[in-house]
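Asker: Structure below; questions to follow.
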Amino acid sequence: MKAIVYTQYGSPDVLHLAEIAKPAPKAGEVLVKVRAASVGYGETAVRNFANISHREFNMPALLWLFARLSFGLRKPKNTILGSEFSGTVEGVGAGVTRFKVGDAVFGYRGQAMATYVEYLCMSADGLIAHLPKNLGFAEAAAVPYGALTALTLLRRLNIQPGQRVLVNGASGKIGTFALQIAKHLGAEVTGVCGTERMAYVRALGADHVLDYKHDDFTRGDVRYDLIIDVLGRSSFKACQRVLTPQGIYFPVSFKMPAVLQMLRTRNSKGQRVHLGMSDEKPADMTTISTMFAEGSLKAIVEHCYPLEEAADAHRFYESGSRAGNVALVL
Ligand SMILES: NC(=O)c1ccc[n+]([C@@H]2O[C@H](COP(=O)([O-])OP(=O)(O)OC[C@H]3O[C@@H](n4cnc5c(N)ncnc54)[C@H](OP(=O)(O)O)[C@@H]3O)[C@@H](O)[C@H]2O)c1
């Protein structure tokens, strides 16, 4: 079967088409004929991980070190990229009752990766769910990582109807779903993104959209109950002026100073810093599937590339000119 393989870290040029063996499902697994996979920050970062310093990495240096060891210090241990996929079930292993041949599915393999392939095997009890009828294959492949992360992180924040929520980084994988989940919970949501993606963020349902290249939300007059800062590009100090008296600053990406601020403010009755790590469970994929089926979430893919053109898709993603998501289709 066809696969996009890379054996060294580097630019999109390291991605090339190869023939590898088609897998067979073991007991408890499903064999999925992949219809689409996605290109995002995760895929481009892992492709070039040896060249990303701990300063460029948006999380504490210790996590960067763990990530380097787990992805491979000098060359990638897992030579096939891609964490998200959609497709149809082509075969099932012994004991699988949840899925049958022909079912449309989508799922997330996380650090196990290897979705840039024609076929993959996945535990039927893993992060995989039936594809809702109103979600296309390309769109579905752009959903799991961002939706699972946003769902599990926001669950702990008890967002209430009428609250004002700002998402700094609303056009990215996590931000698009943080914005939609906050809207679904009844919040008034402001999305902050780059100029090129303002229409995209508006189309996802943001009540207000700001361009981080021109508008500094920390200088505005609006007060927010919750500021979700996906890349941690702002700071608690800068946001305090625009947080309500009990407002929460939540940098999804954070460094050690934010950990200290979280510890310092955690019992505060006033403004505080919240931190969290995503902890997705298989049931969360089903929740996401249901939310799509009910029309509470949407996914927009603006750029599709054939699997064979994965290198071009990565180049395009890194050019910064994308409007919505970028998908590889088979
Ligand atoms: N806490 C956790 O458990 C957890 C889990 C997973 C990931 N993460 C972290 O989340 C981050 C990746 O998030 P993602 O996958 O959503 O990334 P992404 O898809 O690359 O999105 C990044 C977002 O940030 C925006 N942005 C870029 N520069 C900005 C700036 N100067 N000011 C404000 N916004 C800016 C981008 O806007 P434009 O594209 O419009 O320019 C985009 O909306 C990584 O740092 C990762 O470590 C944390």
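How things are named: the first chain in the structure tokens is A, the next is B, and so on; residues count from 1 in each chain; ligands count from 1 in the order shown.
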Can you tell me, as a PyMOL selection string, what residues are no more than 7 Å from segment 125-139 of chain A when counting only C-alpha atoms, ignoring any on the same chain fewer than 4 positions away?
Answerer: chain A and resi 35-36+86-87+104-108+143+281-282+285-286+289+292-293+299-301+327+329
Asker: Could you pull out the residues sitting within 9 Å of ligand 1, using only C-alpha atoms and all ligand atoms, and write them as an MDAnalysis selection string?
Answerer: chainID A and resid 40:42 57:59 145:146 149:150 152:153 167:177 191:198 201 211:213 229:234 251:254 275:279 320:323 325
Asker: Determine, counting only C-alpha atoms, which protein, DNA and RNA residues have an atom within 8 Å of an atom of Gly186 of chain A; residues of the same chain fewer than 3 positions away are not included. Present the result as a ChimeraX atom specification.
Answerer: /A:160-163,182-183
Asker: Write out as a list in words all residues of segment 253-313 of chain A that backbone DSSP assigns to alpha helix (DSSP H).
Answerer: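 Across segment 253-313 of chain A, those assigned alpha helix (DSSP H) are Met256, Pro257, Ala258, Val259, Leu260, Gln261, Met262, Leu263, Arg264, Thr265, Pro282, Ala283, Asp284, Met285, Thr286, Thr287, Ile288, Ser289, Thr290, Met291, Phe292, Ala293, Ala310, Ala311, Asp312 and Ala313 of chain A.
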Asker: With C-alpha atoms retained, export the selected residues as an mmCIF file, in the first residue's frame.
Answerer:
data_model
loop_
_atom_site.group_PDB
_atom_site.id
_atom_site.type_symbol
_atom_site.label_atom_id
_atom_site.label_comp_id
_atom_site.auth_asym_id
_atom_site.auth_seq_id
_atom_site.Cartn_x
_atom_site.Cartn_y
_atom_site.Cartn_z
ATOM 1 C CA MET A 256 7.261 27.454 34.058
ATOM 2 C CA PRO A 257 6.320 31.051 35.072
ATOM 3 C CA ALA A 258 2.668 30.221 34.328
ATOM 4 C CA VAL A 259 2.934 27.122 36.563
ATOM 5 C CA LEU A 260 4.114 29.348 39.429
ATOM 6 C CA GLN A 261 1.303 31.851 38.741
ATOM 7 C CA MET A 262 -1.216 29.019 38.744
ATOM 8 C CA LEU A 263 0.090 27.775 42.125
ATOM 9 C CA ARG A 264 0.079 31.307 43.521
ATOM 10 C CA THR A 265 -3.510 32.082 42.414
ATOM 11 C CA PRO A 282 -12.586 6.943 23.830
ATOM 12 C CA ALA A 283 -16.025 8.142 25.021
ATOM 13 C CA ASP A 284 -14.959 11.710 24.129
ATOM 14 C CA MET A 285 -14.756 10.742 20.427
ATOM 15 C CA THR A 286 -18.378 9.579 20.657
ATOM 16 C CA THR A 287 -19.347 12.872 22.339
ATOM 17 C CA ILE A 288 -17.699 14.790 19.486
ATOM 18 C CA SER A 289 -19.439 12.631 16.888
ATOM 19 C CA THR A 290 -22.796 13.332 18.583
ATOM 20 C CA MET A 291 -22.107 17.084 18.784
ATOM 21 C CA PHE A 292 -21.469 17.130 15.020
ATOM 22 C CA ALA A 293 -24.595 15.071 14.326
ATOM 23 C CA ALA A 310 1.878 15.592 1.198
ATOM 24 C CA ALA A 311 5.119 17.602 0.853
ATOM 25 C CA ASP A 312 3.265 20.357 -1.054
ATOM 26 C CA ALA A 313 0.506 20.305 1.580
#
Asker: What is the atom CA of Val273 of chain A-atom CA of Tyr249 of chain A distance in Å, reported with one decimal?
Answerer: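 Distance between the two atoms: 4.8 Å.
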Asker: Could you name the residues that touch Asp221 of chain A at 12 Å or less, counting only C-alpha atoms, but leaving out those on the same chain fewer than 5 positions away, as a list in words?
Answerer: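 Here the qualifying residues turn out to be Asp216, Cys239, Arg241, Val242, Leu243 and Thr244 of chain A.
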Asker: Take the residues that were just selected and, keeping all heavy atoms, output them as a PDB file, in the first residue's frame.
Answerer:
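And here is the file that came out, again22.pdb:
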ATOM      1  N   ASP A 216      -4.826  44.778  19.890  1.00  0.00           N
ATOM      2  CA  ASP A 216      -4.320  44.200  21.129  1.00  0.00           C
ATOM      3  C   ASP A 216      -5.509  44.110  22.091  1.00  0.00           C
ATOM      4  O   ASP A 216      -5.949  45.123  22.649  1.00  0.00           O
ATOM      5  CB  ASP A 216      -3.208  45.097  21.694  1.00  0.00           C
ATOM      6  CG  ASP A 216      -2.649  44.546  22.999  1.00  0.00           C
ATOM      7  OD1 ASP A 216      -3.205  43.564  23.519  1.00  0.00           O
ATOM      8  OD2 ASP A 216      -1.666  45.122  23.494  1.00  0.00           O
ATOM      9  N   CYS A 239      -3.243  40.324  30.769  1.00  0.00           N
ATOM     10  CA  CYS A 239      -4.690  40.064  30.653  1.00  0.00           C
ATOM     11  C   CYS A 239      -5.481  40.547  31.870  1.00  0.00           C
ATOM     12  O   CYS A 239      -6.698  40.700  31.772  1.00  0.00           O
ATOM     13  CB  CYS A 239      -4.940  38.564  30.441  1.00  0.00           C
ATOM     14  SG  CYS A 239      -4.418  38.008  28.813  1.00  0.00           S
ATOM     15  N   ARG A 241      -5.989  43.298  33.241  1.00  0.00           N
ATOM     16  CA  ARG A 241      -6.784  44.515  33.018  1.00  0.00           C
ATOM     17  C   ARG A 241      -8.110  44.224  32.324  1.00  0.00           C
ATOM     18  O   ARG A 241      -9.104  44.923  32.538  1.00  0.00           O
ATOM     19  CB  ARG A 241      -5.960  45.497  32.158  1.00  0.00           C
ATOM     20  CG  ARG A 241      -6.344  46.951  32.320  1.00  0.00           C
ATOM     21  CD  ARG A 241      -5.588  47.825  31.339  1.00  0.00           C
ATOM     22  NE  ARG A 241      -6.063  47.682  29.981  1.00  0.00           N
ATOM     23  CZ  ARG A 241      -7.163  48.237  29.499  1.00  0.00           C
ATOM     24  NH1 ARG A 241      -7.917  49.008  30.254  1.00  0.00           N
ATOM     25  NH2 ARG A 241      -7.527  48.056  28.245  1.00  0.00           N
ATOM     26  N   VAL A 242      -8.140  43.174  31.497  1.00  0.00           N
ATOM     27  CA  VAL A 242      -9.369  42.884  30.744  1.00  0.00           C
ATOM     28  C   VAL A 242     -10.077  41.617  31.246  1.00  0.00           C
ATOM     29  O   VAL A 242     -10.953  41.091  30.580  1.00  0.00           O
ATOM     30  CB  VAL A 242      -9.097  42.783  29.222  1.00  0.00           C
ATOM     31  CG1 VAL A 242      -8.850  44.152  28.634  1.00  0.00           C
ATOM     32  CG2 VAL A 242      -7.969  41.823  28.912  1.00  0.00           C
ATOM     33  N   LEU A 243      -9.682  41.130  32.429  1.00  0.00           N
ATOM     34  CA  LEU A 243     -10.416  40.011  33.044  1.00  0.00           C
ATOM     35  C   LEU A 243     -11.411  40.589  34.045  1.00  0.00           C
ATOM     36  O   LEU A 243     -11.132  41.614  34.693  1.00  0.00           O
ATOM     37  CB  LEU A 243      -9.456  39.074  33.789  1.00  0.00           C
ATOM     38  CG  LEU A 243      -8.676  38.049  32.960  1.00  0.00           C
ATOM     39  CD1 LEU A 243      -7.630  37.356  33.842  1.00  0.00           C
ATOM     40  CD2 LEU A 243      -9.600  36.999  32.329  1.00  0.00           C
ATOM     41  N   THR A 244     -12.554  39.938  34.219  1.00  0.00           N
ATOM     42  CA  THR A 244     -13.525  40.330  35.251  1.00  0.00           C
ATOM     43  C   THR A 244     -12.863  40.056  36.622  1.00  0.00           C
ATOM     44  O   THR A 244     -11.839  39.354  36.686  1.00  0.00           O
ATOM     45  CB  THR A 244     -14.817  39.498  35.130  1.00  0.00           C
ATOM     46  OG1 THR A 244     -14.448  38.116  35.162  1.00  0.00           O
ATOM     47  CG2 THR A 244     -15.555  39.800  33.839  1.00  0.00           C
TER      48      THR A 244
END
Asker: Determine which residues of segment 54-161 of chain A DSSP labels as strand (DSSP E) from the backbone of this structure, then write them out as a list in words.
Answerer: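 Assigned to strand (DSSP E), within segment 54-161 of chain A: Glu84, Phe85, Ser86, Gly87, Thr88, Val89, Glu90, Gly91, Val92, Ala104, Val105, Phe106, Gly107, Tyr108, Tyr119, Leu120, Cys121, Met122, Ser123, Ile128, Ala129 and His130 of chain A.
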Asker: Do a neighbour search on Val117 of chain A at 10 Å with only C-alpha atoms, toss out local chain neighbours closer than 4 positions, and write the hits as a ChimeraX atom specification.
Answerer: /A:1-5,17-20,22,33-37,80-82,85,307-308,330
